[in-house]
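Content type PDB, C-alpha atoms and all ligand atoms, from the file start23.pdb:
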MODEL        1
ATOM      1  CA  MET A   7      25.549  -6.974  -5.243  1.00  0.00           C
ATOM      2  CA  ILE A   8      23.142  -4.260  -4.224  1.00  0.00           C
ATOM      3  CA  ASP A   9      22.516  -3.866  -0.514  1.00  0.00           C
ATOM      4  CA  VAL A  10      18.844  -3.554   0.349  1.00  0.00           C
ATOM      5  CA  TYR A  11      17.535  -2.393   3.709  1.00  0.00           C
ATOM      6  CA  VAL A  12      14.106  -3.875   4.379  1.00  0.00           C
ATOM      7  CA  SER A  13      11.779  -2.444   7.004  1.00  0.00           C
ATOM      8  CA  GLY A  14       8.303  -3.518   8.037  1.00  0.00           C
ATOM      9  CA  PRO A  15       6.731  -6.197  10.251  1.00  0.00           C
ATOM     10  CA  ALA A  16       9.663  -8.058  11.859  1.00  0.00           C
ATOM     11  CA  GLU A  17       8.456 -11.514  10.868  1.00  0.00           C
ATOM     12  CA  ASP A  18       8.010 -10.500   7.218  1.00  0.00           C
ATOM     13  CA  VAL A  19      11.422  -8.828   7.101  1.00  0.00           C
ATOM     14  CA  ALA A  20      13.061 -11.940   8.583  1.00  0.00           C
ATOM     15  CA  GLN A  21      11.364 -14.250   6.067  1.00  0.00           C
ATOM     16  CA  LEU A  22      12.311 -12.030   3.161  1.00  0.00           C
ATOM     17  CA  GLU A  23      15.918 -11.892   4.315  1.00  0.00           C
ATOM     18  CA  VAL A  24      16.242 -15.684   4.530  1.00  0.00           C
ATOM     19  CA  LEU A  25      14.454 -16.556   1.291  1.00  0.00           C
ATOM     20  CA  GLY A  26      15.695 -13.571  -0.711  1.00  0.00           C
ATOM     21  CA  ASN A  27      19.344 -14.121   0.066  1.00  0.00           C
ATOM     22  CA  LYS A  28      19.021 -17.813  -0.778  1.00  0.00           C
ATOM     23  CA  ILE A  29      17.402 -17.829  -4.206  1.00  0.00           C
ATOM     24  CA  GLN A  30      18.905 -14.863  -6.020  1.00  0.00           C
ATOM     25  CA  GLY A  31      22.329 -13.281  -6.022  1.00  0.00           C
ATOM     26  CA  ARG A  32      21.843  -9.677  -7.106  1.00  0.00           C
ATOM     27  CA  PHE A  33      20.297  -8.121  -4.008  1.00  0.00           C
ATOM     28  CA  ARG A  34      21.570  -8.603  -0.464  1.00  0.00           C
ATOM     29  CA  PHE A  35      18.631  -8.147   1.887  1.00  0.00           C
ATOM     30  CA  SER A  36      19.060  -7.002   5.450  1.00  0.00           C
ATOM     31  CA  GLY A  37      16.809  -5.806   8.232  1.00  0.00           C
ATOM     32  CA  GLU A  38      19.596  -3.501   9.381  1.00  0.00           C
ATOM     33  CA  PRO A  39      20.072  -0.072   7.818  1.00  0.00           C
ATOM     34  CA  LYS A  40      23.297   0.312   5.878  1.00  0.00           C
ATOM     35  CA  PRO A  41      24.703   3.485   4.312  1.00  0.00           C
ATOM     36  CA  GLY A  42      23.923   3.640   0.608  1.00  0.00           C
ATOM     37  CA  ALA A  43      21.535   0.678   0.702  1.00  0.00           C
ATOM     38  CA  ALA A  44      18.396   0.658  -1.431  1.00  0.00           C
ATOM     39  CA  ARG A  45      15.233   0.904   0.678  1.00  0.00           C
ATOM     40  CA  VAL A  46      12.272  -1.447   0.741  1.00  0.00           C
ATOM     41  CA  GLN A  47       9.312  -0.919   3.039  1.00  0.00           C
ATOM     42  CA  LEU A  48       6.766  -3.661   3.601  1.00  0.00           C
ATOM     43  CA  LEU A  49       3.380  -2.264   4.544  1.00  0.00           C
ATOM     44  CA  ARG A  50       0.579  -4.129   6.238  1.00  0.00           C
ATOM     45  CA  ALA A  51      -1.789  -1.209   5.858  1.00  0.00           C
ATOM     46  CA  VAL A  52      -4.173  -1.197   2.912  1.00  0.00           C
ATOM     47  CA  ARG A  53      -2.956   1.022   0.113  1.00  0.00           C
ATOM     48  CA  GLY A  54      -4.205   1.752  -3.380  1.00  0.00           C
ATOM     49  CA  GLY A  55      -1.701  -0.329  -5.304  1.00  0.00           C
ATOM     50  CA  LEU A  56       0.785  -3.145  -4.857  1.00  0.00           C
ATOM     51  CA  LEU A  57       3.909  -1.109  -5.453  1.00  0.00           C
ATOM     52  CA  SER A  58       5.092   2.422  -5.184  1.00  0.00           C
ATOM     53  CA  VAL A  59       8.580   3.186  -6.426  1.00  0.00           C
ATOM     54  CA  THR A  60      10.589   6.400  -6.390  1.00  0.00           C
ATOM     55  CA  ARG A  61      14.277   7.034  -7.041  1.00  0.00           C
ATOM     56  CA  ALA A  62      14.804   8.772  -3.732  1.00  0.00           C
ATOM     57  CA  GLY A  63      12.464   6.812  -1.490  1.00  0.00           C
ATOM     58  CA  GLY A  64      12.947   3.307  -2.845  1.00  0.00           C
ATOM     59  CA  VAL A  65      10.238   0.670  -2.943  1.00  0.00           C
ATOM     60  CA  LEU A  66       6.999   0.409  -0.981  1.00  0.00           C
ATOM     61  CA  VAL A  67       5.220  -2.951  -1.153  1.00  0.00           C
ATOM     62  CA  SER A  68       1.683  -3.453   0.090  1.00  0.00           C
ATOM     63  CA  LEU A  69       1.160  -6.799   1.787  1.00  0.00           C
ATOM     64  CA  ASP A  70      -2.579  -6.259   1.705  1.00  0.00           C
ATOM     65  CA  GLN A  71      -4.291  -9.568   0.763  1.00  0.00           C
ATOM     66  CA  SER A  72      -0.900 -11.303   0.520  1.00  0.00           C
ATOM     67  CA  GLU A  73      -2.268 -14.407   2.296  1.00  0.00           C
ATOM     68  CA  GLY A  74      -5.146 -14.769  -0.140  1.00  0.00           C
ATOM     69  CA  ILE A  75      -3.164 -14.085  -3.298  1.00  0.00           C
ATOM     70  CA  SER A  76      -0.320 -16.464  -2.422  1.00  0.00           C
ATOM     71  CA  LEU A  77      -2.818 -19.190  -1.530  1.00  0.00           C
ATOM     72  CA  TYR A  78      -4.644 -18.597  -4.800  1.00  0.00           C
ATOM     73  CA  ALA A  79      -1.365 -18.670  -6.740  1.00  0.00           C
ATOM     74  CA  GLY A  80      -0.137 -21.839  -5.004  1.00  0.00           C
ATOM     75  CA  ILE A  81       3.118 -20.300  -3.765  1.00  0.00           C
ATOM     76  CA  PRO A  82       4.390 -19.689  -0.237  1.00  0.00           C
ATOM     77  CA  ARG A  83       3.554 -16.219   1.031  1.00  0.00           C
ATOM     78  CA  SER A  84       7.253 -15.447   1.564  1.00  0.00           C
ATOM     79  CA  LEU A  85       7.882 -16.142  -2.120  1.00  0.00           C
ATOM     80  CA  TYR A  86       4.976 -13.922  -3.152  1.00  0.00           C
ATOM     81  CA  MET A  87       6.429 -11.169  -0.985  1.00  0.00           C
ATOM     82  CA  LEU A  88       9.863 -11.653  -2.536  1.00  0.00           C
ATOM     83  CA  ILE A  89       8.489 -11.458  -6.094  1.00  0.00           C
ATOM     84  CA  CYS A  90       6.775  -8.141  -5.280  1.00  0.00           C
ATOM     85  CA  VAL A  91       9.920  -6.779  -3.655  1.00  0.00           C
ATOM     86  CA  VAL A  92      12.254  -7.823  -6.490  1.00  0.00           C
ATOM     87  CA  LEU A  93       9.799  -6.512  -9.106  1.00  0.00           C
ATOM     88  CA  GLY A  94       9.774  -3.182  -7.274  1.00  0.00           C
ATOM     89  CA  LEU A  95      13.570  -3.184  -7.060  1.00  0.00           C
ATOM     90  CA  VAL A  96      13.860  -3.823 -10.811  1.00  0.00           C
ATOM     91  CA  TYR A  97      11.703  -0.739 -11.442  1.00  0.00           C
ATOM     92  CA  TRP A  98      13.693   1.237  -8.892  1.00  0.00           C
ATOM     93  CA  ARG A  99      16.947   0.242 -10.572  1.00  0.00           C
ATOM     94  CA  VAL A 100      15.633   1.226 -14.014  1.00  0.00           C
ATOM     95  CA  LEU A 101      14.717   4.667 -12.654  1.00  0.00           C
ATOM     96  CA  GLU A 102      18.083   4.991 -10.975  1.00  0.00           C
ATOM     97  CA  LEU A 103      20.013   4.050 -14.122  1.00  0.00           C
ATOM     98  CA  ASN A 104      17.882   6.201 -16.440  1.00  0.00           C
ATOM     99  CA  PRO A 105      17.386   9.688 -14.996  1.00  0.00           C
ATOM    100  CA  LEU A 106      15.118  10.751 -17.839  1.00  0.00           C
ATOM    101  CA  LEU A 107      12.585   7.967 -17.387  1.00  0.00           C
ATOM    102  CA  ILE A 108       9.500   8.405 -15.268  1.00  0.00           C
ATOM    103  CA  TRP A 109       7.285   5.729 -13.670  1.00  0.00           C
ATOM    104  CA  GLU A 110       4.741   5.788 -16.517  1.00  0.00           C
ATOM    105  CA  ASP A 111       7.492   5.101 -19.077  1.00  0.00           C
ATOM    106  CA  LEU A 112       7.980   1.644 -17.583  1.00  0.00           C
ATOM    107  CA  PHE A 113       4.617   0.360 -18.797  1.00  0.00           C
ATOM    108  CA  VAL A 114       4.524   1.030 -22.503  1.00  0.00           C
ATOM    109  CA  ARG A 115       4.751  -2.296 -24.319  1.00  0.00           C
ATOM    110  CA  GLU A 116       2.642  -4.904 -22.710  1.00  0.00           C
ATOM    111  CA  ASP A 117       1.187  -8.351 -22.891  1.00  0.00           C
ATOM    112  CA  PRO A 118      -1.773  -7.976 -20.489  1.00  0.00           C
ATOM    113  CA  GLU A 119      -0.846 -11.191 -18.647  1.00  0.00           C
ATOM    114  CA  CYS A 120       2.759 -10.129 -18.163  1.00  0.00           C
ATOM    115  CA  LEU A 121       3.750  -9.431 -14.550  1.00  0.00           C
ATOM    116  CA  CYS A 122       5.188  -6.088 -15.698  1.00  0.00           C
ATOM    117  CA  ALA A 123       1.950  -4.890 -17.307  1.00  0.00           C
ATOM    118  CA  ALA A 124       0.451  -1.727 -15.834  1.00  0.00           C
ATOM    119  CA  ARG A 125      -1.943  -2.546 -12.996  1.00  0.00           C
ATOM    120  CA  GLY A 126      -3.595  -0.429 -10.402  1.00  0.00           C
ATOM    121  CA  THR A 127      -4.949  -2.460  -7.552  1.00  0.00           C
ATOM    122  CA  VAL A 128      -3.628  -5.411  -5.587  1.00  0.00           C
ATOM    123  CA  GLN A 129      -6.610  -7.430  -6.885  1.00  0.00           C
ATOM    124  CA  GLU A 130      -5.538  -6.826 -10.472  1.00  0.00           C
ATOM    125  CA  TYR A 131      -2.165  -8.325  -9.613  1.00  0.00           C
ATOM    126  CA  ALA A 132      -3.708 -11.519  -8.237  1.00  0.00           C
ATOM    127  CA  LEU A 133      -4.332 -12.951 -11.714  1.00  0.00           C
ATOM    128  CA  ALA A 134      -0.793 -12.161 -12.826  1.00  0.00           C
ATOM    129  CA  PHE A 135       0.472 -14.426 -10.051  1.00  0.00           C
ATOM    130  CA  GLU A 136      -1.427 -17.419 -11.369  1.00  0.00           C
ATOM    131  CA  ARG A 137       1.525 -18.087 -13.654  1.00  0.00           C
ATOM    132  CA  PRO A 138       3.888 -15.171 -13.135  1.00  0.00           C
ATOM    133  CA  TRP A 139       6.032 -14.406 -16.165  1.00  0.00           C
ATOM    134  CA  ILE A 140       7.611 -11.486 -18.000  1.00  0.00           C
ATOM    135  CA  CYS A 141       6.798 -11.078 -21.685  1.00  0.00           C
ATOM    136  CA  PRO A 142       9.636 -10.850 -24.256  1.00  0.00           C
ATOM    137  CA  ALA A 143       8.913  -7.171 -24.975  1.00  0.00           C
ATOM    138  CA  CYS A 144       9.313  -6.211 -21.314  1.00  0.00           C
ATOM    139  CA  LEU A 145      12.458  -8.339 -20.995  1.00  0.00           C
ATOM    140  CA  GLU A 146      13.915  -6.532 -23.977  1.00  0.00           C
ATOM    141  CA  PHE A 147      12.908  -3.147 -22.562  1.00  0.00           C
ATOM    142  CA  LEU A 148      14.409  -3.930 -19.143  1.00  0.00           C
ATOM    143  CA  ARG A 149      17.654  -5.113 -20.734  1.00  0.00           C
ATOM    144  CA  CYS A 150      17.898  -1.929 -22.798  1.00  0.00           C
ATOM    145  CA  THR A 151      17.635   0.162 -19.642  1.00  0.00           C
ATOM    146  CA  GLY A 152      20.713  -1.539 -18.223  1.00  0.00           C
ATOM    147  CA  ALA A 153      18.870  -3.438 -15.498  1.00  0.00           C
ATOM    148  CA  GLU A 154      19.871  -6.831 -16.838  1.00  0.00           C
ATOM    149  CA  PRO A 155      21.335  -8.321 -13.620  1.00  0.00           C
ATOM    150  CA  GLU A 156      18.260  -7.232 -11.666  1.00  0.00           C
ATOM    151  CA  THR A 157      15.934  -8.658 -14.314  1.00  0.00           C
ATOM    152  CA  ALA A 158      17.866 -11.931 -14.141  1.00  0.00           C
ATOM    153  CA  ALA A 159      17.339 -11.959 -10.358  1.00  0.00           C
ATOM    154  CA  LEU A 160      13.598 -11.497 -10.904  1.00  0.00           C
ATOM    155  CA  GLN A 161      13.584 -14.394 -13.331  1.00  0.00           C
ATOM    156  CA  ASP A 162      15.396 -16.586 -10.806  1.00  0.00           C
ATOM    157  CA  VAL A 163      12.705 -15.794  -8.258  1.00  0.00           C
ATOM    158  CA  LEU A 164       9.926 -16.452 -10.787  1.00  0.00           C
ATOM    159  CA  ALA A 165      11.477 -19.815 -11.629  1.00  0.00           C
ATOM    160  CA  HIS A 166      11.081 -20.772  -7.954  1.00  0.00           C
ATOM    161  CA  ALA A 167       7.454 -19.724  -8.072  1.00  0.00           C
ATOM    162  CA  THR A 168       6.792 -21.854 -11.141  1.00  0.00           C
ATOM    163  CA  SER A 169       8.407 -24.898  -9.606  1.00  0.00           C
ATOM    164  CA  ALA A 170       6.444 -24.374  -6.361  1.00  0.00           C
ATOM    165  CA  GLN A 171       3.240 -24.194  -8.420  1.00  0.00           C
ATOM    166  CA  ASP A 172       4.131 -27.369 -10.288  1.00  0.00           C
ATOM    167  CA  ARG A 173       4.332 -29.149  -6.936  1.00  0.00           C
ATOM    168  CA  THR A 174       0.936 -27.826  -5.839  1.00  0.00           C
ATOM    169  CA  PRO A 175      -2.045 -29.778  -7.209  1.00  0.00           C
ATOM    170  CA  ALA A 176      -4.268 -27.512  -9.286  1.00  0.00           C
ATOM    171  CA  LYS A 177      -7.393 -28.354  -7.244  1.00  0.00           C
ATOM    172  CA  VAL A 178      -5.737 -27.019  -4.111  1.00  0.00           C
ATOM    173  CA  ARG A 179      -5.044 -23.787  -5.948  1.00  0.00           C
ATOM    174  CA  LEU A 180      -8.702 -23.364  -6.881  1.00  0.00           C
TER     175      LEU A 180
HETATM  176 ZN    ZN B   1       5.416  -7.395 -20.483  1.00  0.00          ZN
ENDMDL
END
File written out as structure tokens:
Amino acid sequence: MIDVYVSGPAEDVAQLEVLGNKIQGRFRFSGEPKPGAARVQLLRAVRGGLLSVTRAGGVLVSLDQSEGISLYAGIPRSLYMLICVVLGLVYWRVLELNPLLIWEDLFVREDPECLCAARGTVQEYALAFERPWICPACLEFLRCTGAEPETAALQDVLAHATSAQDRTPAKVRL
């Protein structure tokens, strides 16, 4: 298990802790700082992109438009938040395990609808959440980098999203 210290709006941190620790087993989320824990910061402020990931600083997730995107995608907002966080942590883990890789290296082989495809803005991510999935090429790439347990955690979270969407009538999602 990888300890993850989450900071940000208290309500968001609390939701992430409850849901995140329930539906995947790789990351242990906590709102309390812990020595050696990976860092995730949830930001309410508008930023350029959805995610920013560095080896030293950890993961920054923008919650800008999170209400609208989760409503559009037909998933609870807490689940949307968790997907973003776990996606960021997968990237962070890949960087940590592979000192020679840089951020741009993570986006080389892409199906444009794949959640792991290179995207700039939060709006560009909205479509990817319509049916969030990871293409076989990215799965293979992530496994080769050694981040297999983290990728499996992301897939567990995505499976919850898909089942939530299946319970939401399509007309509500439009
Ligand atoms: Zn892909």
Within 10 Å of ligand ZN 1 (chain B), which residues show up when you count all atoms listed in the file? List them as a PDB file with C-alpha atoms, in the frame of the given file, please.
ATOM      1  CA  LEU A 112       7.980   1.644 -17.583  1.00  0.00           C
ATOM      2  CA  PHE A 113       4.617   0.360 -18.797  1.00  0.00           C
ATOM      3  CA  VAL A 114       4.524   1.030 -22.503  1.00  0.00           C
ATOM      4  CA  ARG A 115       4.751  -2.296 -24.319  1.00  0.00           C
ATOM      5  CA  GLU A 116       2.642  -4.904 -22.710  1.00  0.00           C
ATOM      6  CA  ASP A 117       1.187  -8.351 -22.891  1.00  0.00           C
ATOM      7  CA  PRO A 118      -1.773  -7.976 -20.489  1.00  0.00           C
ATOM      8  CA  GLU A 119      -0.846 -11.191 -18.647  1.00  0.00           C
ATOM      9  CA  CYS A 120       2.759 -10.129 -18.163  1.00  0.00           C
ATOM     10  CA  LEU A 121       3.750  -9.431 -14.550  1.00  0.00           C
ATOM     11  CA  CYS A 122       5.188  -6.088 -15.698  1.00  0.00           C
ATOM     12  CA  ALA A 123       1.950  -4.890 -17.307  1.00  0.00           C
ATOM     13  CA  ALA A 124       0.451  -1.727 -15.834  1.00  0.00           C
ATOM     14  CA  TRP A 139       6.032 -14.406 -16.165  1.00  0.00           C
ATOM     15  CA  ILE A 140       7.611 -11.486 -18.000  1.00  0.00           C
ATOM     16  CA  CYS A 141       6.798 -11.078 -21.685  1.00  0.00           C
ATOM     17  CA  PRO A 142       9.636 -10.850 -24.256  1.00  0.00           C
ATOM     18  CA  ALA A 143       8.913  -7.171 -24.975  1.00  0.00           C
ATOM     19  CA  CYS A 144       9.313  -6.211 -21.314  1.00  0.00           C
ATOM     20  CA  LEU A 145      12.458  -8.339 -20.995  1.00  0.00           C
ATOM     21  CA  GLU A 146      13.915  -6.532 -23.977  1.00  0.00           C
ATOM     22  CA  PHE A 147      12.908  -3.147 -22.562  1.00  0.00           C
ATOM     23  CA  LEU A 148      14.409  -3.930 -19.143  1.00  0.00           C
TER      24      LEU A 148
END
Selection as a VMD selection string: residues within 12 Å of (5.8, -4.8, 6.7), counting all atoms listed in the file = chain A and resid 12 to 22 37 46 to 52 65 to 70 72 84 87 91
ask   = CA of Gln129 (chain A) and CA of Ile89 (chain A) are how many Å apart?
value =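 Taking CA of Gln129 (chain A) as the start and CA of Ile89 (chain A) as the end point, the length is 15.6 Å.
The closest residue to Arg45 (chain A), picked from A:Trp98, A:Phe33, A:Tyr86, A:Tyr11 and counting all atoms listed in the file, is A:Tyr11.
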query = So which one's closest to Ala170 (chain A), A:Val59, A:Ile75, A:Ile108, A:Ile81? Using all atoms listed in the file, please.
reply =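 The answer is A:Ile81, which sits nearest to Ala170 (chain A).
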